[in-house]
Amino acid sequence: MPQRSPLDLPEGDPFGPHNLPYGVFTAPHAPHLRKIGVRYGNHVLDVGAAAAATASPHAEPLGADTLNPLMAAGRPVWQAVRAEVLDWLTDPAHRSTIEPLMHPLPTVALHLPFEVADYADFYASEHHATNTGRIFRPGGEALTPNWKHMPIGYHGRAGTILVSGTPIVRPQGQHLPPADTSAPHASSPTPVFGPSLRLDFEAEVAFVVGAPSTVNTPVPLSGFHDHVFGVCLLNDWSARDIQAWEYRPLGPFLGKSFATSLAAWVTPLDALAAARTGPPARDVPPLPYLDDSAAEPGGLDLRLEVALNGHTISRPPFSAMYWTAAQQLAHLTVNGASLRTGDLFASGTVSGPRPDELGCLLELTWGGRDPLRLPDGARTFLEDGDEVTVTAWAPGPQGTRIGLGEVTGQVVPATP
C-alpha cells in the first residue's frame, strides 16, 4: 500500500487548511537550527525552506528563527503570507517541492514561538471573578466596585513564560501554615517559608501582539485586528497560598511569576473568523473607549478542555468571557502605554456558569473544601507528578473545526 502524503489530510482534521498555525521547531538532524514552521495535520512545514524554494517575496521574515520579524511586518503581510502558505499546501503544482519539506510532528522539538516582550494577565471572566471573590472574601461583595467598569489586569513576568511541555518546578515562598490559610489577614499571622502547598493551574487564552504602537497613542477597539497577530492557549500556574498572603495591597506577585506555560502554536487571528461571537450582555454600560455595542462581535467561541493526568475535569467556554480581547487591548493602551512586537496579554481564568466549566482547582474544589474525585485519587490542589493539559477548538468555515495547540506541563518537586 502506498504511503499517504502528508499533504493529504483526513477529512475534518482540526489542523487543516483553514487553520495553519505558526510555531518554531528544530529537526533531529539540526537540533541547534531553529526554523519557523506551520502545522498541517500531524506534520510541520518548514516555511523558511518553502519560501526559498518558491522565490517568495517573504523569504526574509519566514527564514528567521523566531516569529517576531513576521509579526512586526503588519497585517497586510500576515494575510499575504497566510495565502501563500495555503497555496503551497493545497495546489498540486507545488506538491513535489513542498512534500520533502514536511516533518512528522513527533520527530521535531518545539520551542517558544516568539520572543516575549511584555506580559499582562487580565481577569475577564465574571464567573471566575465572582467565585474567587466569594472564596477569598466570604461575607463580602464578590466583585470589586470597579470590575464591571474596566478589564482588571496586572503585569506578569515575561522571563518565566515557558513553552508547553516544560516541567513546572513547585515554587517556594512565604505563606501561612495550613491551619491559618483561611485567615491571611488576621491581626498577627506568622508566615513560614517553603514549597507551595496549594499549587493550581489556570486555563486561559492569550493574544500575541504583532504590529507595535507608538507611545501616547491609544489603540481603539477598531485597531485590534491591526495589532494582534494570533491566539495561544496559556496556563498561568498559581501558588494560591503564596498569593493569599501577598496579594494585598498590590496584587499578584510571587504567587504567579514563577511559571506561565504557553502553547507552542500561534493560531492566526484570521483563522478564527467563523468563531466570532457577541460577548455576554453587560448590565453596566462601559465608558465610550470600551463601548463595543456598535462594533463587530468581539467574543470568540473557543471550547476549552482541561485534563489532569489524562482525566477530563472541566470544559470552560471562552464565549462566556465578560470582557473581550479588543477591550483588554484598548484598556491596556488608553493611558498612553505603547505596544511592542511580542507583547502577550492573557484573558485570565476561563470559567463558565456550570460546575463542570470552571477553569482552575480553586473553583473546582471551592478553595480546597470539596476535593475533586479522580480515578488516581482525590485532589484539592496539584501534587508532584501531576500533569495538566489544556486543549481547545473553535468552529471554522463550512462546518470545520479549528484546533488550538495544546498547552501542557507536569509538576516536579521544589528545588531543595
# chains A, B, ... in the order shown; residues from 1 in each chain; ligands from 1

$ closest_atom_pairs --of "region 294-327 of chain A" --to "region 351-355 of chain A" --cutoff "8 Å" --atoms "only C-alpha atoms" --output "tab-separated table"
residue	atom	partner	partner_atom	distance
A:Pro316	CA	A:Ser351	CA	5.1
A:Pro317	CA	A:Gly352	CA	5.9
A:Phe318	CA	A:Ser351	CA	7.5
A:Ala320	CA	A:Gly352	CA	6.0
A:Met321	CA	A:Ser351	CA	7.8

$ residues_around --residues "Leu105 (chain A)" --least-positions-apart "5" --cutoff "7 Å" --atoms "only C-alpha atoms" --output "PyMOL selection string"
chain A and resi 42-44

$ write_last_selection --atoms "all heavy atoms" --output "PDB file, in the first residue's frame"
ATOM      1  N   ASN A  42      -0.607  16.281  11.054  1.00  0.00           N
ATOM      2  CA  ASN A  42       0.376  15.803  12.016  1.00  0.00           C
ATOM      3  C   ASN A  42       1.800  16.019  11.512  1.00  0.00           C
ATOM      4  O   ASN A  42       2.713  15.289  11.880  1.00  0.00           O
ATOM      5  CB  ASN A  42       0.142  14.314  12.310  1.00  0.00           C
ATOM      6  CG  ASN A  42       0.712  13.899  13.659  1.00  0.00           C
ATOM      7  OD1 ASN A  42       0.694  14.682  14.612  1.00  0.00           O
ATOM      8  ND2 ASN A  42       1.217  12.688  13.749  1.00  0.00           N
ATOM      9  N   HIS A  43       1.979  17.042  10.653  1.00  0.00           N
ATOM     10  CA  HIS A  43       3.288  17.382  10.115  1.00  0.00           C
ATOM     11  C   HIS A  43       3.553  18.873  10.296  1.00  0.00           C
ATOM     12  O   HIS A  43       2.633  19.660  10.565  1.00  0.00           O
ATOM     13  CB  HIS A  43       3.388  17.014   8.633  1.00  0.00           C
ATOM     14  CG  HIS A  43       3.584  15.547   8.385  1.00  0.00           C
ATOM     15  ND1 HIS A  43       2.563  14.636   8.546  1.00  0.00           N
ATOM     16  CD2 HIS A  43       4.675  14.834   7.994  1.00  0.00           C
ATOM     17  CE1 HIS A  43       3.004  13.416   8.269  1.00  0.00           C
ATOM     18  NE2 HIS A  43       4.287  13.509   7.932  1.00  0.00           N
ATOM     19  N   VAL A  44       4.804  19.245  10.135  1.00  0.00           N
ATOM     20  CA  VAL A  44       5.226  20.643  10.222  1.00  0.00           C
ATOM     21  C   VAL A  44       5.925  21.003   8.916  1.00  0.00           C
ATOM     22  O   VAL A  44       6.876  20.329   8.499  1.00  0.00           O
ATOM     23  CB  VAL A  44       6.189  20.874  11.399  1.00  0.00           C
ATOM     24  CG1 VAL A  44       6.606  22.330  11.472  1.00  0.00           C
ATOM     25  CG2 VAL A  44       5.552  20.435  12.710  1.00  0.00           C
TER      26      VAL A  44
END

$ residues_around --residues "Val390 (chain A)" --least-positions-apart "2" --cutoff "9 Å" --atoms "only C-alpha atoms" --output "VMD selection string"
chain A and resid 203 to 204 233 to 235 304 to 307 388 392 405 to 408

$ write_last_selection --atoms "all heavy atoms" --output "compact mmCIF listing (two decimals), in the first residue's frame"
# COMPACT_ATOMS: atom_id res chain seq x y z
N ALA A 203 -6.64 27.83 33.33
CA ALA A 203 -6.83 27.65 31.89
C ALA A 203 -7.20 29.00 31.27
O ALA A 203 -8.23 29.58 31.63
CB ALA A 203 -7.92 26.63 31.63
N GLU A 204 -6.34 29.48 30.36
CA GLU A 204 -6.54 30.81 29.79
C GLU A 204 -6.31 30.81 28.28
O GLU A 204 -5.79 29.85 27.71
CB GLU A 204 -5.58 31.82 30.44
CG GLU A 204 -5.68 31.87 31.96
CD GLU A 204 -4.98 33.08 32.56
OE1 GLU A 204 -4.72 34.05 31.82
OE2 GLU A 204 -4.69 33.04 33.77
N LEU A 233 -3.20 29.08 23.58
CA LEU A 233 -3.63 28.65 24.90
C LEU A 233 -2.52 28.91 25.91
O LEU A 233 -1.33 28.86 25.56
CB LEU A 233 -3.99 27.16 24.89
CG LEU A 233 -5.22 26.78 24.08
CD1 LEU A 233 -5.45 25.28 24.12
CD2 LEU A 233 -6.46 27.51 24.58
N LEU A 234 -2.90 29.17 27.15
CA LEU A 234 -1.95 29.54 28.19
C LEU A 234 -2.40 28.96 29.52
O LEU A 234 -3.60 28.88 29.79
CB LEU A 234 -1.84 31.06 28.26
CG LEU A 234 -0.90 31.70 29.28
CD1 LEU A 234 -0.24 32.96 28.69
CD2 LEU A 234 -1.67 32.10 30.56
N ASN A 235 -1.45 28.53 30.33
CA ASN A 235 -1.72 28.09 31.70
C ASN A 235 -0.92 28.98 32.64
O ASN A 235 0.30 28.94 32.67
CB ASN A 235 -1.32 26.62 31.89
CG ASN A 235 -1.66 26.10 33.28
OD1 ASN A 235 -1.94 26.84 34.19
ND2 ASN A 235 -1.61 24.78 33.44
N LEU A 304 -12.76 25.08 25.44
CA LEU A 304 -11.58 24.56 26.13
C LEU A 304 -11.90 23.24 26.83
O LEU A 304 -13.06 22.98 27.19
CB LEU A 304 -11.07 25.56 27.16
CG LEU A 304 -10.19 26.72 26.66
CD1 LEU A 304 -10.95 27.65 25.73
CD2 LEU A 304 -9.62 27.51 27.85
N GLU A 305 -10.88 22.45 27.03
CA GLU A 305 -10.99 21.23 27.83
C GLU A 305 -9.72 21.09 28.67
O GLU A 305 -8.62 21.23 28.15
CB GLU A 305 -11.17 20.00 26.94
CG GLU A 305 -11.34 18.71 27.71
CD GLU A 305 -11.72 17.54 26.83
OE1 GLU A 305 -12.77 17.62 26.14
OE2 GLU A 305 -10.97 16.53 26.81
N VAL A 306 -9.91 20.82 29.96
CA VAL A 306 -8.79 20.67 30.89
C VAL A 306 -8.72 19.22 31.34
O VAL A 306 -9.73 18.65 31.78
CB VAL A 306 -8.94 21.59 32.11
CG1 VAL A 306 -7.73 21.47 33.03
CG2 VAL A 306 -9.14 23.04 31.68
N ALA A 307 -7.54 18.61 31.22
CA ALA A 307 -7.32 17.24 31.68
C ALA A 307 -6.24 17.24 32.75
O ALA A 307 -5.21 17.91 32.60
CB ALA A 307 -6.93 16.33 30.53
N VAL A 388 -1.05 18.69 33.80
CA VAL A 388 -2.25 19.41 33.37
C VAL A 388 -2.11 19.73 31.89
O VAL A 388 -1.08 20.27 31.45
CB VAL A 388 -2.44 20.72 34.18
CG1 VAL A 388 -3.67 21.47 33.69
CG2 VAL A 388 -2.55 20.41 35.66
N ALA A 392 -8.21 22.96 23.04
CA ALA A 392 -9.37 23.77 22.65
C ALA A 392 -9.61 23.63 21.15
O ALA A 392 -8.71 23.29 20.38
CB ALA A 392 -9.16 25.24 23.01
N GLY A 405 -3.30 24.71 19.46
CA GLY A 405 -2.23 23.89 20.01
C GLY A 405 -2.36 23.76 21.51
O GLY A 405 -2.64 24.73 22.22
N GLU A 406 -2.16 22.55 22.02
CA GLU A 406 -2.34 22.31 23.44
C GLU A 406 -1.24 22.98 24.26
O GLU A 406 -0.15 23.28 23.76
CB GLU A 406 -2.33 20.81 23.74
CG GLU A 406 -0.97 20.16 23.57
CD GLU A 406 -0.98 18.69 24.00
OE1 GLU A 406 -2.03 18.04 23.90
OE2 GLU A 406 0.09 18.21 24.44
N VAL A 407 -1.56 23.20 25.54
CA VAL A 407 -0.54 23.65 26.49
C VAL A 407 -0.55 22.65 27.64
O VAL A 407 -1.60 22.34 28.21
CB VAL A 407 -0.79 25.09 26.97
CG1 VAL A 407 -2.13 25.27 27.65
CG2 VAL A 407 0.33 25.55 27.89
N THR A 408 0.62 22.11 27.94
CA THR A 408 0.72 21.07 28.95
C THR A 408 1.95 21.29 29.82
O THR A 408 2.93 21.91 29.39
CB THR A 408 0.77 19.67 28.28
OG1 THR A 408 0.68 18.66 29.27
CG2 THR A 408 2.05 19.47 27.51

$ atom_distance --atom1 "CA of Ala211 (chain A)" --atom2 "CA of Thr341 (chain A)"
5.8 Å

$ residues_around --residues "region 262-269 of chain A" --least-positions-apart "4" --cutoff "8 Å" --atoms "only C-alpha atoms" --output "count of residues only"
29

$ atom_distance --atom1 "CA of Ala27 (chain A)" --atom2 "CA of Val108 (chain A)"
4.9 Å

$ atom_distance --atom1 "CA of Ser213 (chain A)" --atom2 "CA of Arg276 (chain A)"
24.6 Å

$ select_by_dssp --residues "region 122-281 of chain A" --states "helix (DSSP H, G or I)" --output "MDAnalysis selection string"
chainID A and resid 126:136 158:160 178:180 221:227 240:246 254:257 269:275

$ closest_residue --among "A:Ala275, A:Ala124, A:Val411, A:Leu254" --to "Gly173 (chain A)" --atoms "only C-alpha atoms"
A:Leu254
